[in-house]
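Peer 1: Here it is, the structure, as structure tokens.
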Amino acid sequence: MASPSVLRSESVGLQRFGMGFGFGQASEIRGTARERLLAEIKRRVLPQPTGLPFSGTVEIGAALYAFADAERAAREASPAAGQQVAAAAPTQNQMPQPKPANEPALPYRTYRDEVVARVRLALEAETGFGERLVQFWSNHFCIGATKSNMTRIMAGAYEREAIRPHVFGRFEDMLVAAESHPAMLEFLDNRLSIGPSSPAGKRRGRGLNENLAREILELHTLGVSGGYAQVDVTNLARIITGWTVVGREAVLGFPGSFAFNAGLHEPGAPVLLGKPYGQPGKEKGLAALTDLARHPATADFIAIKLVRHFVADEPPSALVRELSAVFRKTEGDLAAVSRALIESDAAWGAEPTKIRSPQEFLLAACRALGRKAEFGPILGPLNAMGQPFWQPAGPNGYPDGNEAWASPEGIKTRIDVAAGWGRQAAASVPDPRALTEDILGPRLSPETRQAVARADSKPQALALLLLSPEFQRR
């Protein structure tokens, strides 16, 4: 039987590294949290969301172009001056899925289904460490679903294809998968980037777009203090010209998929961080990304972000150095880095000072109350709290510190959201006092126990559980 101090530490770990204790979970999980987290890393493979209308980007790209063609045909055939004009229907192999009555358009409908499937996995996970890492890396390599119909309809597929398979794999593989995904190429405009000296550049008189190159260096690998200069941004943009998205004509592959277009690629051997890259075609970009993935500054930057996310807003320097060393030694083996984090007593022993982000709060609350994954109850609260899935304000992703989520306005919104969840769950929770004991376990303070016991109503008691310091902090 684990001691009370061990049980308390393991309970903190379930919140710090996972999704928190869930309704109906066996209490012995608390005493073996670290062991279970390490077992999840050892498996290396995370489950994929199920029940989705499209298996991946290829199907989504074809459906998106068909949807756009049908929308254009409908606009062109709209009645003018009171006259009814028959619309030309798309051919059978172009026909998008029919839009049910009162349903949103295809891009938003697909986004909705992806969100629900993503949340369902988080609610079903035993500890949720892998799902937390998916959240972390998806925010690190973020895209914005509101940029266009393409980013909205592909947001979930981007996470499924570029992030989830590599969470316990190699950082280099995740980096390449993210930067070459059609959703990223659309979000950061690389599909618009043309080498000035390429055949297309000479013909069209258009040039580079540096957005993706800049964010690769500043946000995805080296970090803003990683030792690069503006010339490196420009040369990396030259290196990845030709990385684009296949159009509806399907000349270079399946519509909506990644392709390398040699006609857009800038010739030559641009110098990045002092090293020339003269490989042919796509290989030039792959070589540059490989070197960036293995750069010492990348190891430091990733270690700082991981420790800040999981442990404290002011990352303990010794733990940062430890993770950075593992990253460099293993050439970015993310399973090894995750294992070093979970095996660190410093990571477990730190005081729970971080406030759960809105997404973490929602998922933890749903797990605690036994709620199901439904889009309306997911979207409304997350919009109110400022963290809807895959919709950050910019390429730097959602903030990851208490300053962003613990503002007076943010706390007021949480109170309102928790009150609503309390009302919704009251009928399905027999005794909020027993639930509070189950969910908070050895972390439950006398003050929270008393507050829940003295609540005026069951909804209020449940709201007090969700708003307690023990529930809010990890």
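In the structure tokens, chains take the letters A, B, ... in the order shown, each chain's residues start at 1, and ligands count up from 1 in the order shown.
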Enumerate the residues of range 235-447 of chain A with a DSSP assignment of strand (DSSP E or B), computed from the backbone, and present them as a VMD selection string.

Peer 2: chain A and resid 243 to 245 258 to 260 271 to 272 275 to 276 333 355

Peer 1: How would the residues just chosen look if you wrote them out with N, CA and C atoms as a PDB file, in the first residue's frame?

Peer 2:
```pdb
ATOM      1  N   TRP A 243       7.571  23.392 -52.450  1.00  0.00           N
ATOM      2  CA  TRP A 243       6.757  22.607 -51.527  1.00  0.00           C
ATOM      3  C   TRP A 243       5.355  23.211 -51.578  1.00  0.00           C
ATOM      4  N   THR A 244       4.415  22.471 -52.150  1.00  0.00           N
ATOM      5  CA  THR A 244       3.125  23.071 -52.442  1.00  0.00           C
ATOM      6  C   THR A 244       1.999  22.048 -52.290  1.00  0.00           C
ATOM      7  N   VAL A 245       0.802  22.469 -52.654  1.00  0.00           N
ATOM      8  CA  VAL A 245      -0.401  21.642 -52.540  1.00  0.00           C
ATOM      9  C   VAL A 245      -0.936  21.377 -53.941  1.00  0.00           C
ATOM     10  N   PHE A 258       0.282  16.918 -50.705  1.00  0.00           N
ATOM     11  CA  PHE A 258       1.581  17.573 -50.862  1.00  0.00           C
ATOM     12  C   PHE A 258       2.226  17.167 -52.180  1.00  0.00           C
ATOM     13  N   ALA A 259       2.940  18.113 -52.778  1.00  0.00           N
ATOM     14  CA  ALA A 259       3.755  17.797 -53.947  1.00  0.00           C
ATOM     15  C   ALA A 259       4.943  18.740 -53.995  1.00  0.00           C
ATOM     16  N   PHE A 260       6.011  18.266 -54.628  1.00  0.00           N
ATOM     17  CA  PHE A 260       7.131  19.151 -54.931  1.00  0.00           C
ATOM     18  C   PHE A 260       7.010  19.562 -56.391  1.00  0.00           C
ATOM     19  N   VAL A 271      22.686  29.235 -48.585  1.00  0.00           N
ATOM     20  CA  VAL A 271      23.437  28.961 -47.362  1.00  0.00           C
ATOM     21  C   VAL A 271      22.524  29.201 -46.155  1.00  0.00           C
ATOM     22  N   LEU A 272      22.388  28.185 -45.323  1.00  0.00           N
ATOM     23  CA  LEU A 272      21.579  28.271 -44.112  1.00  0.00           C
ATOM     24  C   LEU A 272      22.470  27.992 -42.910  1.00  0.00           C
ATOM     25  N   LYS A 275      25.923  26.820 -43.883  1.00  0.00           N
ATOM     26  CA  LYS A 275      26.084  25.597 -44.659  1.00  0.00           C
ATOM     27  C   LYS A 275      25.295  25.701 -45.962  1.00  0.00           C
ATOM     28  N   PRO A 276      25.932  25.432 -47.107  1.00  0.00           N
ATOM     29  CA  PRO A 276      25.197  25.479 -48.380  1.00  0.00           C
ATOM     30  C   PRO A 276      24.361  24.214 -48.586  1.00  0.00           C
ATOM     31  N   ASP A 333      14.844  11.716 -30.136  1.00  0.00           N
ATOM     32  CA  ASP A 333      13.916  10.612 -29.840  1.00  0.00           C
ATOM     33  C   ASP A 333      12.929  11.107 -28.777  1.00  0.00           C
ATOM     34  N   ILE A 355      -2.010  26.717 -13.884  1.00  0.00           N
ATOM     35  CA  ILE A 355      -3.458  26.653 -14.076  1.00  0.00           C
ATOM     36  C   ILE A 355      -3.747  25.831 -15.324  1.00  0.00           C
TER      37      ILE A 355
END
```

Peer 1: From a DSSP pass on the backbone, collect the residues of range 352-455 of chain A flagged as alpha helix (DSSP H) and hand them back as a VMD selection string.

Peer 2: chain A and resid 358 to 369 375 to 385 402 to 405 408 to 425 432 to 440 446 to 453

Peer 1: Give me, as a PyMOL selection string, all polymer residues having an atom no more than 9 Å from Arg36 in chain A, counting only C-alpha atoms and skipping those fewer than 4 positions away in the same chain.

Peer 2: chain A and resi 29+32+40-41+126-127

Peer 1: If we count only C-alpha atoms and set the cut-off at 9 Å, which residues sit around Glu215 in chain A, ignoring sequence neighbours fewer than 3 positions away in its own chain? Please answer as a ChimeraX atom specification.

Peer 2: /A:188,210-212,218-221,223,233,395-396

Peer 1: Output N, CA and C atoms for every residue in the selection just made, as a PDB file, in the first residue's frame.

Peer 2:
```pdb
ATOM      1  N   LEU A 188       0.601  28.909 -43.738  1.00  0.00           N
ATOM      2  CA  LEU A 188       1.722  29.847 -43.776  1.00  0.00           C
ATOM      3  C   LEU A 188       2.164  30.190 -45.200  1.00  0.00           C
ATOM      4  N   GLU A 210       8.078  34.299 -47.203  1.00  0.00           N
ATOM      5  CA  GLU A 210       8.972  33.822 -46.147  1.00  0.00           C
ATOM      6  C   GLU A 210       8.241  33.357 -44.888  1.00  0.00           C
ATOM      7  N   ASN A 211       6.921  33.337 -44.910  1.00  0.00           N
ATOM      8  CA  ASN A 211       6.178  33.044 -43.679  1.00  0.00           C
ATOM      9  C   ASN A 211       6.560  31.702 -43.069  1.00  0.00           C
ATOM     10  N   LEU A 212       6.503  30.642 -43.856  1.00  0.00           N
ATOM     11  CA  LEU A 212       6.781  29.313 -43.310  1.00  0.00           C
ATOM     12  C   LEU A 212       8.239  29.212 -42.863  1.00  0.00           C
ATOM     13  N   GLU A 218      11.897  30.321 -36.037  1.00  0.00           N
ATOM     14  CA  GLU A 218      11.568  31.030 -34.798  1.00  0.00           C
ATOM     15  C   GLU A 218      10.708  30.221 -33.844  1.00  0.00           C
ATOM     16  N   LEU A 219       9.752  29.461 -34.387  1.00  0.00           N
ATOM     17  CA  LEU A 219       8.755  28.802 -33.543  1.00  0.00           C
ATOM     18  C   LEU A 219       8.868  27.284 -33.502  1.00  0.00           C
ATOM     19  N   HIS A 220       9.416  26.669 -34.533  1.00  0.00           N
ATOM     20  CA  HIS A 220       9.369  25.211 -34.620  1.00  0.00           C
ATOM     21  C   HIS A 220      10.691  24.536 -34.276  1.00  0.00           C
ATOM     22  N   THR A 221      11.830  25.243 -34.451  1.00  0.00           N
ATOM     23  CA  THR A 221      13.122  24.588 -34.216  1.00  0.00           C
ATOM     24  C   THR A 221      14.026  25.406 -33.292  1.00  0.00           C
ATOM     25  N   GLY A 223      14.133  28.555 -32.160  1.00  0.00           N
ATOM     26  CA  GLY A 223      13.642  29.556 -31.224  1.00  0.00           C
ATOM     27  C   GLY A 223      14.170  30.930 -31.587  1.00  0.00           C
ATOM     28  N   VAL A 233      16.460  33.209 -42.833  1.00  0.00           N
ATOM     29  CA  VAL A 233      15.026  33.111 -43.141  1.00  0.00           C
ATOM     30  C   VAL A 233      14.820  33.117 -44.652  1.00  0.00           C
ATOM     31  N   PRO A 395       0.578  32.116 -35.594  1.00  0.00           N
ATOM     32  CA  PRO A 395       1.388  30.892 -35.734  1.00  0.00           C
ATOM     33  C   PRO A 395       2.176  30.527 -34.486  1.00  0.00           C
ATOM     34  N   ASN A 396       2.205  31.408 -33.478  1.00  0.00           N
ATOM     35  CA  ASN A 396       2.870  31.060 -32.223  1.00  0.00           C
ATOM     36  C   ASN A 396       1.991  30.229 -31.304  1.00  0.00           C
TER      37      ASN A 396
END
```

Peer 1: Given only C-alpha atoms, how would the per-residue table for range 147-203 of chain A near range 335-354 of chain A read, listing every residue at most 9 Å away with its closest atom pair and distance in Å to one decimal, sorted by chain and number, as a Markdown table?

Peer 2:
```
| residue | atom | partner | partner_atom | distance |
| --- | --- | --- | --- | --- |
| A:Val167 | CA | A:Ala335 | CA | 7.5 |
| A:Phe168 | CA | A:Ala335 | CA | 4.4 |
| A:Gly169 | CA | A:Ala335 | CA | 6.2 |
| A:Arg170 | CA | A:Ala335 | CA | 8.0 |
```

Peer 1: Compile the contact shell of Thr110 in chain A as a list in words: residues with an atom at most 9 Å away, counting only C-alpha atoms, same-chain residues fewer than 6 positions apart removed.

Peer 2: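 Within the cut-off, the hits are Leu52, Pro53, Phe54, Arg152, Ile153, Met154 and Gly156 of chain A.
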
Peer 1: Hey, which of A:Glu360, A:Ile302, A:Tyr65, A:Ala178 ends up closest to Val320 in chain A? Count only C-alpha atoms.

Peer 2: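 When distances to Val320 in chain A are compared using only C-alpha atoms, the smallest one comes from A:Ile302.
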
Peer 1: Can you work out which one of A:Leu465, A:Ala312, A:Ala318, A:Cys366 has the shortest atom-to-atom distance to Gly401 in chain A, counting only C-alpha atoms?

Peer 2: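 Under the stated criterion, the closest residue is A:Ala312.
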
Peer 1: Go through A:Gln472, A:Gln48, A:Gln460, A:Ser225 one by one, measure the shortest atom-to-atom distance of each to Trp421 in chain A using only C-alpha atoms, and give the residue with the smallest value.

Peer 2: A:Gln460

Peer 1: Go through A:Gly205, A:Gly56, A:Gly130, A:Gly242 and flag the residue nearest Ala162 in chain A, using only C-alpha atoms for the distances.

Peer 2: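 Checking each of A:Gly205, A:Gly56, A:Gly130, A:Gly242 against Ala162 in chain A, counting only C-alpha atoms, the winner is A:Gly56.
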
Peer 1: Would you mind listing what lies within 10 Å of Gln230 in chain A as a compact mmCIF listing (two decimals) with N, CA and C atoms, in the first residue's frame, with only C-alpha atoms counted and same-chain residues fewer than 5 positions away left out?

Peer 2:
```txt
# COMPACT_ATOMS: atom_id res chain seq x y z
N ARG A 214 10.23 31.52 -41.80
CA ARG A 214 10.44 32.29 -40.56
C ARG A 214 9.93 31.51 -39.35
N ASN A 235 16.96 32.47 -47.06
CA ASN A 235 17.55 31.31 -47.74
C ASN A 235 16.76 30.03 -47.46
N LEU A 236 16.21 29.90 -46.26
CA LEU A 236 15.35 28.74 -46.01
C LEU A 236 14.09 28.82 -46.87
```

Peer 1: Kindly indicate which residue among A:Asp189, A:Asp113, A:Glu403, A:Glu161 lies nearest to Lys147 in chain A, using only C-alpha atoms for the distances.

Peer 2: A:Asp189

Peer 1: In terms of the shortest atom-to-atom distance over only C-alpha atoms, which of A:Gly332, A:Gly380, A:Pro432, A:Pro196 is closest to Val452 in chain A?

Peer 2: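 Of the candidates, the smallest distance to Val452 in chain A is held by A:Pro432.
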
Peer 1: When you draw a straight line from CA of Leu289 in chain A to CA of Ala325 in chain A, how long is it in Å?

Peer 2: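 These two atoms are separated by 19.9 Å.
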
Peer 1: Can you measure CA of Asn383 in chain A to CA of Glu179 in chain A for me? One decimal in Å is fine.

Peer 2: 27.3 Å

Peer 1: Write out as a PyMOL selection string which residues come within 8 Å of Ala117 in chain A when counting only C-alpha atoms, dropping same-chain ones fewer than 4 positions away.

Peer 2: chain A and resi 49-52+113+121+373

Peer 1: CA of Leu363 in chain A and CA of Arg160 in chain A are how many Å apart?

Peer 2: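 Result for CA of Leu363 in chain A versus CA of Arg160 in chain A: 18.7 Å, one decimal.
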